[in-house]
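Colleague: Dropping in protein_18.pdb, with PDB, C-alpha atoms, pLDDT in the B column.
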MODEL        1
ATOM      1  CA  VAL A 848      95.932  98.570 110.671  1.00 77.00           C
ATOM      2  CA  TYR A 849      92.390  97.684 109.704  1.00 76.00           C
ATOM      3  CA  LEU A 850      91.471  94.985 107.243  1.00 79.00           C
ATOM      4  CA  LYS A 851      88.834  95.903 104.648  1.00 80.00           C
ATOM      5  CA  SER A 852      87.211  93.694 102.074  1.00 81.00           C
ATOM      6  CA  LYS A 853      85.288  94.480  98.926  1.00 85.00           C
ATOM      7  CA  ALA A 854      82.365  92.119  98.418  1.00 88.00           C
ATOM      8  CA  LYS A 855      79.416  91.734  96.089  1.00 92.00           C
ATOM      9  CA  ASN A 856      75.868  90.772  96.979  1.00 93.00           C
ATOM     10  CA  ASP A 857      75.436  88.092  94.319  1.00 93.00           C
ATOM     11  CA  THR A 858      72.136  86.842  95.734  1.00 93.00           C
ATOM     12  CA  ASP A 859      68.706  87.624  94.300  1.00 94.00           C
ATOM     13  CA  TYR A 860      67.798  89.482  97.504  1.00 93.00           C
ATOM     14  CA  PRO A 861      68.955  92.722  99.098  1.00 93.00           C
ATOM     15  CA  LEU A 862      71.036  92.741 102.271  1.00 91.00           C
ATOM     16  CA  LEU A 863      69.121  94.818 104.799  1.00 92.00           C
ATOM     17  CA  ASN A 864      70.752  97.420 107.006  1.00 91.00           C
ATOM     18  CA  GLY A 865      71.287  96.603 110.656  1.00 91.00           C
ATOM     19  CA  PRO A 866      73.700  95.066 113.160  1.00 91.00           C
ATOM     20  CA  THR A 867      76.109  92.364 112.001  1.00 87.00           C
ATOM     21  CA  ASN A 868      78.613  89.938 113.460  1.00 86.00           C
ATOM     22  CA  VAL A 869      81.866  89.887 111.485  1.00 81.00           C
ATOM     23  CA  PHE A 870      83.833  86.650 111.088  1.00 81.00           C
ATOM     24  CA  PHE A 871      87.197  86.206 109.360  1.00 74.00           C
ATOM     25  CA  ASP A 872      88.849  82.795 108.852  1.00 73.00           C
ATOM     26  CA  ASN A 873      86.023  81.274 110.939  1.00 81.00           C
ATOM     27  CA  GLN A 874      86.958  83.546 113.857  1.00 79.00           C
ATOM     28  CA  PHE A 875      84.642  86.158 115.355  1.00 84.00           C
ATOM     29  CA  VAL A 876      86.233  89.580 114.772  1.00 77.00           C
ATOM     30  CA  THR A 877      83.772  92.288 115.787  1.00 80.00           C
ATOM     31  CA  ASN A 878      80.230  93.603 115.849  1.00 83.00           C
ATOM     32  CA  SER A 879      79.394  96.177 113.221  1.00 82.00           C
ATOM     33  CA  THR A 880      76.510  97.687 111.288  1.00 85.00           C
ATOM     34  CA  MET A 881      75.734  97.280 107.633  1.00 85.00           C
ATOM     35  CA  GLU A 882      74.010  99.633 105.234  1.00 90.00           C
ATOM     36  CA  TYR A 883      71.413  98.434 102.717  1.00 93.00           C
ATOM     37  CA  VAL A 884      73.041  96.587  99.773  1.00 93.00           C
ATOM     38  CA  ALA A 885      70.951  95.896  96.672  1.00 94.00           C
ATOM     39  CA  SER A 886      71.185  92.616  94.769  1.00 94.00           C
ATOM     40  CA  GLY A 887      74.264  92.703  92.502  1.00 93.00           C
ATOM     41  CA  GLU A 888      75.759  95.726  94.279  1.00 94.00           C
ATOM     42  CA  GLU A 889      79.397  95.847  95.455  1.00 93.00           C
ATOM     43  CA  PHE A 890      80.226  97.132  98.950  1.00 90.00           C
ATOM     44  CA  TRP A 891      83.146  97.532 101.355  1.00 86.00           C
ATOM     45  CA  THR A 892      83.121  95.973 104.797  1.00 82.00           C
ATOM     46  CA  SER A 893      85.563  96.223 107.682  1.00 79.00           C
ATOM     47  CA  LEU A 894      87.014  93.014 109.083  1.00 78.00           C
ATOM     48  CA  GLY A 895      88.585  94.585 112.173  1.00 77.00           C
ATOM     49  CA  VAL A 896      92.211  94.957 113.198  1.00 80.00           C
ATOM     50  CA  ASP A 897      94.879  93.068 111.238  1.00 82.00           C
ATOM     51  CA  GLU A 898      97.621  92.140 113.717  1.00 84.00           C
ATOM     52  CA  ASN A 899      99.904  90.858 110.929  1.00 88.00           C
ATOM     53  CA  ILE A 900     100.506  94.265 109.375  1.00 91.00           C
ATOM     54  CA  LYS A 901     102.411  96.728 111.559  1.00 93.00           C
ATOM     55  CA  ILE A 902     102.627 100.496 111.077  1.00 93.00           C
ATOM     56  CA  GLU A 903     104.845 102.731 113.170  1.00 94.00           C
ATOM     57  CA  HIS A 904     104.648 106.541 112.935  1.00 94.00           C
ATOM     58  CA  GLN A 905     107.643 108.049 114.729  1.00 95.00           C
ATOM     59  CA  LEU A 906     108.694 111.682 115.152  1.00 94.00           C
ATOM     60  CA  VAL A 907     112.391 111.774 114.220  1.00 95.00           C
ATOM     61  CA  ARG A 908     113.102 115.471 114.602  1.00 94.00           C
ATOM     62  CA  LYS A 909     111.352 118.798 115.105  1.00 92.00           C
ATOM     63  CA  TYR A 910     113.165 122.100 114.800  1.00 91.00           C
ATOM     64  CA  GLN A 911     112.600 125.790 114.213  1.00 84.00           C
ATOM     65  CA  GLU A 912     114.177 128.203 111.718  1.00 81.00           C
ATOM     66  CA  ARG A 913     113.864 131.940 111.269  1.00 80.00           C
ATOM     67  CA  THR A 914     113.635 133.220 107.677  1.00 75.00           C
ATOM     68  CA  GLY A 915     113.500 136.551 105.871  1.00 67.00           C
ATOM     69  CA  VAL A 916     115.574 139.703 106.126  1.00 68.00           C
ATOM     70  CA  PHE A 917     112.865 142.366 106.355  1.00 68.00           C
ATOM     71  CA  ASN A 918     109.718 140.288 106.797  1.00 72.00           C
ATOM     72  CA  HIS A 919     110.738 137.838 109.467  1.00 77.00           C
ATOM     73  CA  ALA A 920     108.974 134.498 109.518  1.00 81.00           C
ATOM     74  CA  THR A 921     109.155 131.412 111.674  1.00 86.00           C
ATOM     75  CA  LYS A 922     109.340 127.982 110.128  1.00 88.00           C
ATOM     76  CA  TRP A 923     108.798 124.756 112.064  1.00 89.00           C
ATOM     77  CA  ILE A 924     110.016 121.565 110.375  1.00 92.00           C
ATOM     78  CA  TYR A 925     108.661 118.169 111.414  1.00 94.00           C
ATOM     79  CA  GLU A 926     110.388 114.979 110.253  1.00 95.00           C
ATOM     80  CA  TYR A 927     108.693 111.600 110.675  1.00 95.00           C
ATOM     81  CA  MET A 928     109.501 108.036 109.705  1.00 95.00           C
ATOM     82  CA  ILE A 929     106.588 105.744 108.894  1.00 94.00           C
ATOM     83  CA  THR A 930     107.540 102.065 108.944  1.00 95.00           C
ATOM     84  CA  LEU A 931     105.307  99.437 107.347  1.00 95.00           C
ATOM     85  CA  LYS A 932     105.988  95.744 108.035  1.00 96.00           C
ATOM     86  CA  ASN A 933     104.083  92.947 106.269  1.00 95.00           C
ATOM     87  CA  ASN A 934     104.206  89.928 108.595  1.00 94.00           C
ATOM     88  CA  LYS A 935     101.783  87.931 106.449  1.00 92.00           C
ATOM     89  CA  PRO A 936     102.929  84.978 104.323  1.00 94.00           C
ATOM     90  CA  THR A 937     101.557  86.695 101.183  1.00 92.00           C
ATOM     91  CA  GLN A 938     101.970  89.924  99.257  1.00 94.00           C
ATOM     92  CA  GLU A 939      99.352  92.467 100.381  1.00 91.00           C
ATOM     93  CA  ASN A 940      97.746  95.622  98.979  1.00 89.00           C
ATOM     94  CA  ILE A 941      98.088  98.327 101.645  1.00 90.00           C
ATOM     95  CA  GLU A 942      96.917 101.940 101.779  1.00 89.00           C
ATOM     96  CA  ILE A 943      98.489 104.267 104.333  1.00 90.00           C
ATOM     97  CA  TRP A 944      96.618 107.476 105.188  1.00 91.00           C
ATOM     98  CA  ASP A 945      97.981 110.492 107.039  1.00 91.00           C
ATOM     99  CA  GLN A 946      97.064 114.164 107.185  1.00 90.00           C
ATOM    100  CA  LEU A 947      99.090 117.339 107.135  1.00 91.00           C
ATOM    101  CA  PRO A 948      97.985 120.148 109.461  1.00 89.00           C
ATOM    102  CA  ILE A 949      95.260 122.425 108.110  1.00 85.00           C
ATOM    103  CA  PRO A 950      96.106 126.101 108.651  1.00 85.00           C
ATOM    104  CA  SER A 951      93.482 128.339 110.250  1.00 82.00           C
ATOM    105  CA  SER A 952      94.760 131.451 108.486  1.00 84.00           C
ATOM    106  CA  ASP A 953      96.028 132.404 105.021  1.00 87.00           C
ATOM    107  CA  GLN A 954      99.177 133.696 106.710  1.00 87.00           C
ATOM    108  CA  ILE A 955     100.093 130.185 107.864  1.00 89.00           C
ATOM    109  CA  LYS A 956     101.581 127.950 105.175  1.00 90.00           C
ATOM    110  CA  VAL A 957     101.933 124.160 105.382  1.00 89.00           C
ATOM    111  CA  ILE A 958     104.504 122.812 102.924  1.00 88.00           C
ATOM    112  CA  LEU A 959     105.040 119.130 102.162  1.00 90.00           C
ATOM    113  CA  VAL A 960     108.828 118.699 102.049  1.00 89.00           C
ATOM    114  CA  LYS A 961     109.191 114.950 101.718  1.00 88.00           C
ATOM    115  CA  PRO A 962     108.045 112.954  99.838  1.00 84.00           C
ATOM    116  CA  GLU A 963     107.462 115.075  96.793  1.00 74.00           C
ATOM    117  CA  GLU A 964     103.813 115.303  95.723  1.00 67.00           C
ATOM    118  CA  LYS A 965     104.625 113.831  92.322  1.00 70.00           C
ATOM    119  CA  GLN A 966     105.827 110.541  93.836  1.00 71.00           C
ATOM    120  CA  ASN A 967     104.107 107.692  91.974  1.00 67.00           C
ATOM    121  CA  ASN A 968     102.339 106.012  94.885  1.00 79.00           C
ATOM    122  CA  LEU A 969     101.306 109.210  96.727  1.00 86.00           C
ATOM    123  CA  ASP A 970      98.021 111.109  96.382  1.00 83.00           C
ATOM    124  CA  LYS A 971      97.342 114.389  98.205  1.00 82.00           C
ATOM    125  CA  THR A 972      93.786 115.681  98.575  1.00 81.00           C
ATOM    126  CA  GLU A 973      92.533 119.263  98.948  1.00 79.00           C
ATOM    127  CA  LEU A 974      92.145 118.710 102.714  1.00 82.00           C
ATOM    128  CA  ASN A 975      95.837 117.769 103.044  1.00 83.00           C
ATOM    129  CA  TYR A 976      95.212 114.024 103.345  1.00 89.00           C
ATOM    130  CA  LEU A 977      98.084 111.902 102.098  1.00 91.00           C
ATOM    131  CA  LYS A 978      97.486 108.397 100.739  1.00 91.00           C
ATOM    132  CA  TRP A 979     100.231 105.951  99.782  1.00 91.00           C
ATOM    133  CA  VAL A 980      99.572 102.603  98.097  1.00 90.00           C
ATOM    134  CA  PHE A 981     102.065  99.763  98.565  1.00 92.00           C
ATOM    135  CA  ASN A 982     102.171  96.061  97.687  1.00 93.00           C
ATOM    136  CA  PRO A 983     104.788  94.687 100.096  1.00 95.00           C
ATOM    137  CA  ASN A 984     105.904  91.099  99.742  1.00 95.00           C
ATOM    138  CA  ALA A 985     105.717  88.641 102.633  1.00 94.00           C
ATOM    139  CA  GLY A 986     108.054  89.810 105.403  1.00 94.00           C
ATOM    140  CA  GLU A 987     108.940  93.053 103.610  1.00 95.00           C
ATOM    141  CA  GLU A 988     109.521  96.270 105.548  1.00 96.00           C
ATOM    142  CA  ILE A 989     109.064  99.674 103.901  1.00 94.00           C
ATOM    143  CA  LYS A 990     110.302 102.955 105.374  1.00 94.00           C
ATOM    144  CA  ILE A 991     108.496 106.135 104.332  1.00 92.00           C
ATOM    145  CA  PRO A 992     110.089 109.462 105.260  1.00 93.00           C
ATOM    146  CA  LEU A 993     107.563 112.250 105.800  1.00 93.00           C
ATOM    147  CA  SER A 994     108.449 115.846 106.547  1.00 93.00           C
ATOM    148  CA  PHE A 995     106.544 119.073 106.361  1.00 93.00           C
ATOM    149  CA  ALA A 996     107.114 122.704 107.293  1.00 92.00           C
ATOM    150  CA  ILE A 997     104.753 125.179 108.915  1.00 90.00           C
ATOM    151  CA  GLU A 998     105.667 128.761 108.113  1.00 90.00           C
ATOM    152  CA  HIS A 999     104.088 131.890 109.575  1.00 88.00           C
ATOM    153  CA  PRO A1000     104.939 135.554 110.202  1.00 84.00           C
ATOM    154  CA  GLU A1001     106.841 136.087 113.446  1.00 80.00           C
ATOM    155  CA  ASN A1002     104.113 138.325 114.853  1.00 78.00           C
ATOM    156  CA  ILE A1003     101.494 135.543 114.695  1.00 77.00           C
ATOM    157  CA  HIS A1004     101.351 133.003 117.497  1.00 77.00           C
ATOM    158  CA  VAL A1005     100.425 129.498 116.344  1.00 76.00           C
ATOM    159  CA  SER A1006      99.472 127.185 119.195  1.00 72.00           C
ATOM    160  CA  GLY A1007     100.552 123.561 119.353  1.00 70.00           C
ATOM    161  CA  LEU A1008     103.873 123.911 117.522  1.00 68.00           C
ATOM    162  CA  GLU A1009     106.311 124.145 120.427  1.00 66.00           C
TER     163      GLU A1009
ENDMDL
END
Output the file's structure in the form of structure tokens.
Modeller:
Amino acid sequence: VYLKSKAKNDTDYPLLNGPTNVFFDNQFVTNSTMEYVASGEEFWTSLGVDENIKIEHQLVRKYQERTGVFNHATKWIYEYMITLKNNKPTQENIEIWDQLPIPSSDQIKVILVKPEEKQNNLDKTELNYLKWVFNPNAGEEIKIPLSFAIEHPENIHVSGLE
């Protein structure tokens, strides 16, 4: 988990691009680089790894099904459990990003099974990125089930599924 901060250059001078040293709570966090930021402009900066927020992405089950009577197809189903734990003493705003596989052929279909795309805190992009937004309270743990299916004609070999 990486901590990001939105800041504003509220000085009368621009912030020039170049190497930076990042400090958080008076502790050195990392070296980074910064792009040019004009006076009055808002920008995002990374504050390094946040050890107090834990994310676990665990494969629960993977299995194969055969479908179709005349046009046989193979379907692989992947089931994951994503666990988010807020170990901070405050409520936090957290974004979780994941990505579904991107098929290399129109004959290969990737179907999001769970959660449903219309879930309130889930956004899915054209490139199959998934983004959840949560605001867990201090000490709260959230479990997010994720499953998807990859379906393809039986006569097509798809590498990396077995």
Colleague: Would you mind reading off the distance between atom CA of Leu977 of chain A and atom CA of Asp945 of chain A, one decimal, in Å?
Modeller: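 Atom CA of Asp945 of chain A lies at a distance of 5.1 Å from atom CA of Leu977 of chain A.
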Colleague: Which residues of segment 929-963 of chain A have any atom within 9 Å of an atom in segment 897-920 of chain A when counting all atoms listed in the file, and what is the closest pair of atoms for each, with the distance in Å to one decimal? Order the rows by chain and rising number and write it as a tab-separated table.
Modeller:
residue	atom	partner	partner_atom	distance
A:Ile929	CA	A:His904	CA	4.6
A:Thr930	CA	A:Glu903	CA	5.1
A:Leu931	CA	A:Ile902	CA	4.7
A:Lys932	CA	A:Lys901	CA	5.1
A:Asn933	CA	A:Ile900	CA	4.9
A:Asn934	CA	A:Asn899	CA	5.0
A:Lys935	CA	A:Asn899	CA	5.7
A:Ile943	CA	A:Ile902	CA	8.8
Colleague: In Å, with one decimal, what is the gap from atom CA of Tyr849 of chain A to atom CA of Trp891 of chain A?
Modeller: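 If I compute the distance from atom CA of Tyr849 of chain A to atom CA of Trp891 of chain A, I get 12.5 Å.
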Colleague: Taking the file as shown, find all residues satisfying the PyMOL selection byres ((chain A and resi 998-1001) around 6) and write them as a ChimeraX atom specification.
Modeller: /A:919-922,954-956,997,1002-1003
Colleague: To test your reading of the syntax: which residues would the PyMOL selection byres ((chain A and resi 937) around 7) return for the file shown? Reply as a list in words.
Modeller: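 That selection, the PyMOL selection byres ((chain A and resi 937) around 7), comes back as Lys935, Pro936, Gln938, Glu939, Asn984 and Ala985 of chain A.
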Colleague: Calculated over all atoms listed in the file, which of the candidates A:Tyr860, A:Trp979, A:Phe871, A:Tyr883 has the smallest distance to Glu942 of chain A?
Modeller: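 Comparing A:Tyr860, A:Trp979, A:Phe871, A:Tyr883 against Glu942 of chain A, the winner is A:Trp979.
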Colleague: Kindly give the distance, in Å, that separates atom CA of Ser886 of chain A and atom CA of Asn873 of chain A, rounded to a single decimal.
Modeller: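 Here the two named atoms are 24.7 Å from each other.
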Colleague: Give me the residues near Asn868 of chain A as number ranges by chain, where near means some atom within 10 Å (using all atoms listed in the file) and where sequence neighbours in that chain fewer than 6 positions away do not count.
Modeller: A: 875-881, 894
